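See below for entry-v3.cif, which holds mmCIF, C-alpha atoms.
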```cif
data_model
loop_
_atom_site.group_PDB
_atom_site.id
_atom_site.type_symbol
_atom_site.label_atom_id
_atom_site.label_comp_id
_atom_site.auth_asym_id
_atom_site.auth_seq_id
_atom_site.Cartn_x
_atom_site.Cartn_y
_atom_site.Cartn_z
ATOM 1 C CA MET V 1 -13.345 23.376 -14.862
ATOM 2 C CA ALA V 2 -13.077 19.778 -16.122
ATOM 3 C CA PHE V 3 -13.710 16.956 -13.656
ATOM 4 C CA VAL V 4 -11.775 13.737 -14.208
ATOM 5 C CA SER V 5 -13.484 10.604 -12.967
ATOM 6 C CA ILE V 6 -11.358 7.638 -11.955
ATOM 7 C CA MET V 7 -12.981 4.234 -11.584
ATOM 8 C CA THR V 8 -11.910 2.747 -8.277
ATOM 9 C CA TYR V 9 -11.883 -0.983 -7.714
ATOM 10 C CA PRO V 10 -13.545 -2.207 -4.490
ATOM 11 C CA LEU V 11 -10.856 -1.809 -1.863
ATOM 12 C CA ASP V 12 -11.320 -5.209 -0.169
ATOM 13 C CA LYS V 13 -11.020 -6.938 -3.536
ATOM 14 C CA LEU V 14 -7.906 -4.892 -4.305
ATOM 15 C CA CYS V 15 -6.280 -6.229 -1.127
ATOM 16 C CA VAL V 16 -7.217 -9.818 -2.052
ATOM 17 C CA GLN V 17 -5.650 -9.380 -5.490
ATOM 18 C CA ILE V 18 -2.473 -7.983 -3.951
ATOM 19 C CA PHE V 19 -2.146 -11.055 -1.717
ATOM 20 C CA LYS V 20 -2.366 -13.150 -4.895
ATOM 21 C CA TYR V 21 0.476 -11.127 -6.438
ATOM 22 C CA ASP V 22 3.156 -12.761 -4.275
ATOM 23 C CA ARG V 23 3.134 -15.185 -1.352
ATOM 24 C CA ARG V 24 5.697 -12.989 0.436
ATOM 25 C CA ILE V 25 3.145 -10.208 0.947
ATOM 26 C CA ARG V 26 2.260 -10.324 4.648
ATOM 27 C CA HIS V 27 -0.143 -7.395 4.943
ATOM 28 C CA ALA V 28 -2.194 -5.418 2.424
ATOM 29 C CA SER V 29 -4.542 -2.696 3.604
ATOM 30 C CA VAL V 30 -5.986 0.628 2.541
ATOM 31 C CA LEU V 31 -5.848 3.436 5.089
ATOM 32 C CA ASP V 32 -7.778 6.688 5.069
ATOM 33 C CA ASP V 33 -6.142 10.045 5.754
ATOM 34 C CA THR V 34 -6.519 9.527 9.520
ATOM 35 C CA GLY V 35 -4.635 6.209 9.431
ATOM 36 C CA ARG V 36 -7.736 4.068 9.965
ATOM 37 C CA ILE V 37 -7.732 0.766 8.070
ATOM 38 C CA ILE V 38 -10.745 0.816 5.755
ATOM 39 C CA ALA V 39 -9.974 -2.407 3.871
ATOM 40 C CA GLY V 40 -7.686 -5.411 4.090
ATOM 41 C CA GLY V 41 -5.276 -6.453 6.826
ATOM 42 C CA MET V 42 -2.898 -9.326 7.566
ATOM 43 C CA ARG V 43 -2.679 -12.349 5.302
ATOM 44 C CA LYS V 44 -4.597 -15.226 6.851
ATOM 45 C CA GLY V 45 -2.288 -17.552 8.760
ATOM 46 C CA ILE V 46 0.455 -14.923 9.207
ATOM 47 C CA SER V 47 1.086 -13.320 12.592
ATOM 48 C CA SER V 48 1.903 -9.650 12.905
ATOM 49 C CA LEU V 49 5.440 -8.908 14.100
ATOM 50 C CA GLU V 50 4.308 -6.116 16.436
ATOM 51 C CA PRO V 51 1.854 -6.652 19.287
ATOM 52 C CA ALA V 52 -1.747 -5.599 18.618
ATOM 53 C CA SER V 53 -1.331 -2.891 21.269
ATOM 54 C CA GLU V 54 1.096 -1.101 18.896
ATOM 55 C CA ASP V 55 -1.173 -1.131 15.804
ATOM 56 C CA LEU V 56 -2.674 2.292 16.460
ATOM 57 C CA ARG V 57 0.743 3.841 17.069
ATOM 58 C CA LEU V 58 2.118 2.313 13.859
ATOM 59 C CA MET V 59 -0.781 3.625 11.767
ATOM 60 C CA ALA V 60 -0.494 7.066 13.393
ATOM 61 C CA ASN V 61 3.220 7.121 12.630
ATOM 62 C CA LEU V 62 2.604 6.250 8.969
ATOM 63 C CA THR V 63 -0.150 8.861 8.672
ATOM 64 C CA ILE V 64 2.067 11.579 10.152
ATOM 65 C CA GLN V 65 4.956 10.611 7.880
ATOM 66 C CA ILE V 66 2.803 10.654 4.747
ATOM 67 C CA GLY V 67 1.118 13.914 5.773
ATOM 68 C CA THR V 68 4.493 15.536 6.354
ATOM 69 C CA ASP V 69 5.836 14.213 3.054
ATOM 70 C CA LYS V 70 2.873 15.774 1.208
ATOM 71 C CA THR V 71 4.133 19.225 2.162
ATOM 72 C CA TRP V 72 6.959 18.659 -0.333
ATOM 73 C CA ASP V 73 4.623 17.778 -3.237
ATOM 74 C CA ARG V 74 4.630 21.294 -4.659
ATOM 75 C CA TYR V 75 8.412 21.137 -5.084
ATOM 76 C CA PHE V 76 9.046 17.484 -5.930
ATOM 77 C CA GLY V 77 5.703 16.176 -7.186
ATOM 78 C CA THR V 78 3.543 13.567 -5.494
ATOM 79 C CA ILE V 79 5.018 10.501 -3.871
ATOM 80 C CA GLN V 80 4.770 7.451 -6.085
ATOM 81 C CA TYR V 81 5.628 5.057 -3.263
ATOM 82 C CA THR V 82 7.773 4.685 -0.189
ATOM 83 C CA PHE V 83 9.853 1.609 0.538
ATOM 84 C CA VAL V 84 11.334 0.933 3.965
ATOM 85 C CA LYS V 85 13.564 -2.108 4.272
ATOM 86 C CA ARG V 86 14.077 -3.498 7.757
ATOM 87 C CA GLU V 87 15.721 -6.694 8.969
ATOM 88 C CA LYS V 88 12.452 -8.579 9.474
ATOM 89 C CA VAL V 89 10.023 -6.863 7.106
ATOM 90 C CA ASN V 90 9.683 -4.403 4.232
ATOM 91 C CA MET V 91 7.001 -1.734 4.389
ATOM 92 C CA LEU V 92 5.603 -0.040 1.309
ATOM 93 C CA THR V 93 3.046 2.702 0.894
ATOM 94 C CA PHE V 94 1.313 3.667 -2.343
ATOM 95 C CA ASN V 95 -0.716 6.827 -2.871
ATOM 96 C CA LEU V 96 -4.348 6.060 -3.795
ATOM 97 C CA GLY V 97 -5.643 9.624 -4.023
ATOM 98 C CA PRO V 98 -7.395 10.419 -0.744
ATOM 99 C CA ASN V 99 -6.228 7.100 0.763
ATOM 100 C CA PHE V 100 -3.048 5.108 0.728
ATOM 101 C CA MET V 101 -2.206 1.444 0.528
ATOM 102 C CA LEU V 102 0.084 -0.142 3.085
ATOM 103 C CA ILE V 103 1.812 -3.370 2.139
ATOM 104 C CA SER V 104 4.325 -5.301 4.183
ATOM 105 C CA THR V 105 6.412 -8.100 2.738
ATOM 106 C CA GLU V 106 8.987 -10.628 3.778
ATOM 107 C CA PRO V 107 12.528 -9.180 3.705
ATOM 108 C CA ASP V 108 13.488 -11.087 0.535
ATOM 109 C CA PHE V 109 10.954 -9.096 -1.537
ATOM 110 C CA ASP V 110 13.377 -6.619 -3.047
ATOM 111 C CA LEU V 111 13.271 -3.104 -4.403
ATOM 112 C CA HIS V 112 13.371 -4.315 -8.022
ATOM 113 C CA GLN V 113 9.903 -5.832 -7.549
ATOM 114 C CA VAL V 114 8.302 -2.722 -6.038
ATOM 115 C CA ALA V 115 7.756 -0.866 -9.338
ATOM 116 C CA SER V 116 5.914 -3.862 -10.778
ATOM 117 C CA LEU V 117 3.839 -4.206 -7.606
ATOM 118 C CA ARG V 118 2.962 -0.495 -7.722
ATOM 119 C CA GLU V 119 1.927 -0.784 -11.370
ATOM 120 C CA THR V 120 -0.279 -3.746 -10.463
ATOM 121 C CA VAL V 121 -1.877 -1.874 -7.540
ATOM 122 C CA MET V 122 -2.572 1.222 -9.628
ATOM 123 C CA THR V 123 -3.885 -0.707 -12.643
ATOM 124 C CA ILE V 124 -6.297 -2.724 -10.517
ATOM 125 C CA TYR V 125 -7.335 0.353 -8.505
ATOM 126 C CA THR V 126 -8.021 2.602 -11.483
ATOM 127 C CA THR V 127 -9.319 0.132 -14.096
ATOM 128 C CA GLY V 128 -10.415 -2.985 -12.247
ATOM 129 C CA VAL V 129 -8.286 -5.039 -14.633
ATOM 130 C CA LEU V 130 -5.699 -7.454 -13.314
ATOM 131 C CA PRO V 131 -2.591 -6.870 -15.456
ATOM 132 C CA GLU V 132 -0.676 -9.814 -16.858
ATOM 133 C CA ARG V 133 2.665 -10.345 -15.212
ATOM 134 C CA PRO V 134 5.698 -11.567 -17.115
ATOM 135 C CA ARG V 135 6.900 -14.829 -15.560
#
```

Rewritten as structure tokens:
Amino acid sequence: MAFVSIMTYPLDKLCVQIFKYDRRIRHASVLDDTGRIIAGGMRKGISSLEPASEDLRLMANLTIQIGTDKTWDRYFGTIQYTFVKREKVNMLTFNLGPNFMLISTEPDFDLHQVASLRETVMTIYTTGVLPERPR
């Protein structure tokens, strides 16, 4: 059986690079399979929209949703990303193997930009190289 090794960029540094991607990114964190934040968090100077007392419930909700969605992988393939657009915030999740990345953005960050953001996240995560972005 062949074992494929993937280089993984330090998770805290990944979150820092994602904040640099766009000023409209409010939150960038990596969560483990239990929903615990293992790297990253809110952008400095930005307040969370939900009270701190709801953080655990939000992470549990995301973990349950992603765990439930994984049951469909054998039929539809693995999730590339999820994008939830709300009035006050967008929430994105990206699969990082055993973990997942949670990113929240301002509402004007639109769906057209998500594929580029995902490519940036995955390139940094797997190679450690910051891809050039067309301006």

Hey, what comes out of the PyMOL selection byres ((chain V and resi 107-113) around 10) on this file? Could you write it as number ranges by chain? V: 22-25, 83-91, 104-106, 114-118

Residues picked by the PyMOL selection byres ((chain V and resi 94) around 10) here, as a VMD selection string? chain V and resid 30 79 to 83 92 to 93 95 to 97 99 to 103 117 to 118 121 to 122

Best match for closeness to Pro10 (chain V) among V:Tyr125, V:Leu130, V:Gly45, V:Thr78, counting only C-alpha atoms: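 For Pro10 (chain V), the nearest of the given residues is V:Tyr125.
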
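Going from CA of Met42 (chain V) to CA of Leu62 (chain V) covers 16.6 Å.
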
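Taking CA of Phe19 (chain V) as the reference point, CA of Leu49 (chain V) is found at 17.7 Å.
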
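Compared by their closest atoms to Ile38 (chain V), and using only C-alpha atoms, the residues V:Asp69, V:Glu132, V:Asp12, V:Ile124 rank with V:Asp12 nearest.
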
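Taking CA of Ser29 (chain V) as the reference point, CA of Thr123 (chain V) is found at 16.4 Å.
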
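Minimum distance to Cys15 (chain V) across V:Met59, V:Ala39, V:Asp33, V:Gly67 (counting only C-alpha atoms) occurs at V:Ala39.
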
For Asn61 (chain V), which residue out of V:Arg26, V:Lys13, V:Arg36, V:Arg43 is the nearest one, using only C-alpha atoms?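 Of V:Arg26, V:Lys13, V:Arg36, V:Arg43, the one nearest Asn61 (chain V), counting only C-alpha atoms, is V:Arg36.
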
Please reconstruct the missing atoms of region 63-93 of chain V (target: N, CA and C atoms) and return them as a compact mmCIF listing (two decimals), keeping the file's coordinate frame.
```txt
# COMPACT_ATOMS: atom_id res chain seq x y z
N THR V 63 0.69 7.74 9.09
CA THR V 63 -0.15 8.86 8.67
C THR V 63 0.60 10.19 8.83
N ILE V 64 1.29 10.35 9.93
CA ILE V 64 2.07 11.58 10.15
C ILE V 64 3.17 11.70 9.12
N GLN V 65 3.87 10.59 8.86
CA GLN V 65 4.96 10.61 7.88
C GLN V 65 4.44 10.98 6.50
N ILE V 66 3.35 10.37 6.08
CA ILE V 66 2.80 10.65 4.75
C ILE V 66 2.28 12.08 4.68
N GLY V 67 1.61 12.53 5.74
CA GLY V 67 1.12 13.91 5.77
C GLY V 67 2.24 14.92 5.69
N THR V 68 3.33 14.66 6.39
CA THR V 68 4.49 15.54 6.35
C THR V 68 5.14 15.52 4.97
N ASP V 69 5.23 14.32 4.39
CA ASP V 69 5.84 14.21 3.05
C ASP V 69 5.03 14.99 2.01
N LYS V 70 3.71 15.07 2.18
CA LYS V 70 2.87 15.77 1.21
C LYS V 70 3.20 17.26 1.15
N THR V 71 3.79 17.81 2.19
CA THR V 71 4.13 19.23 2.16
C THR V 71 5.20 19.51 1.12
N TRP V 72 5.91 18.49 0.67
CA TRP V 72 6.96 18.66 -0.33
C TRP V 72 6.45 18.46 -1.75
N ASP V 73 5.18 18.08 -1.91
CA ASP V 73 4.62 17.78 -3.24
C ASP V 73 4.76 18.94 -4.20
N ARG V 74 4.58 20.16 -3.73
CA ARG V 74 4.63 21.29 -4.66
C ARG V 74 6.03 21.50 -5.24
N TYR V 75 7.05 21.00 -4.57
CA TYR V 75 8.41 21.14 -5.08
C TYR V 75 8.86 19.92 -5.88
N PHE V 76 8.50 18.72 -5.37
CA PHE V 76 9.05 17.48 -5.93
C PHE V 76 8.03 16.62 -6.65
N GLY V 77 6.76 17.01 -6.63
CA GLY V 77 5.70 16.18 -7.19
C GLY V 77 5.20 15.19 -6.13
N THR V 78 4.13 14.48 -6.47
CA THR V 78 3.54 13.57 -5.49
C THR V 78 4.40 12.31 -5.33
N ILE V 79 4.29 11.73 -4.17
CA ILE V 79 5.02 10.50 -3.87
C ILE V 79 4.40 9.37 -4.67
N GLN V 80 5.22 8.63 -5.35
CA GLN V 80 4.77 7.45 -6.08
C GLN V 80 4.65 6.26 -5.13
N TYR V 81 5.66 6.08 -4.31
CA TYR V 81 5.63 5.06 -3.26
C TYR V 81 6.76 5.31 -2.29
N THR V 82 6.65 4.72 -1.12
CA THR V 82 7.77 4.68 -0.19
C THR V 82 8.11 3.23 0.05
N PHE V 83 9.37 2.96 0.30
CA PHE V 83 9.85 1.61 0.54
C PHE V 83 10.82 1.67 1.70
N VAL V 84 10.47 0.99 2.79
CA VAL V 84 11.33 0.93 3.96
C VAL V 84 11.74 -0.52 4.15
N LYS V 85 13.04 -0.76 4.12
CA LYS V 85 13.56 -2.11 4.27
C LYS V 85 14.14 -2.25 5.67
N ARG V 86 13.60 -3.20 6.41
CA ARG V 86 14.08 -3.50 7.76
C ARG V 86 14.59 -4.93 7.77
N GLU V 87 15.19 -5.33 8.88
CA GLU V 87 15.72 -6.69 8.97
C GLU V 87 14.64 -7.76 8.80
N LYS V 88 13.49 -7.55 9.42
CA LYS V 88 12.45 -8.58 9.47
C LYS V 88 11.30 -8.36 8.52
N VAL V 89 11.19 -7.18 7.94
CA VAL V 89 10.02 -6.86 7.11
C VAL V 89 10.32 -5.65 6.23
N ASN V 90 9.68 -5.60 5.07
CA ASN V 90 9.68 -4.40 4.23
C ASN V 90 8.31 -3.76 4.37
N MET V 91 8.27 -2.45 4.34
CA MET V 91 7.00 -1.73 4.39
C MET V 91 6.93 -0.79 3.20
N LEU V 92 5.81 -0.87 2.49
CA LEU V 92 5.60 -0.04 1.31
C LEU V 92 4.31 0.73 1.47
N THR V 93 4.29 1.95 0.98
CA THR V 93 3.05 2.70 0.89
C THR V 93 2.90 3.22 -0.53
```
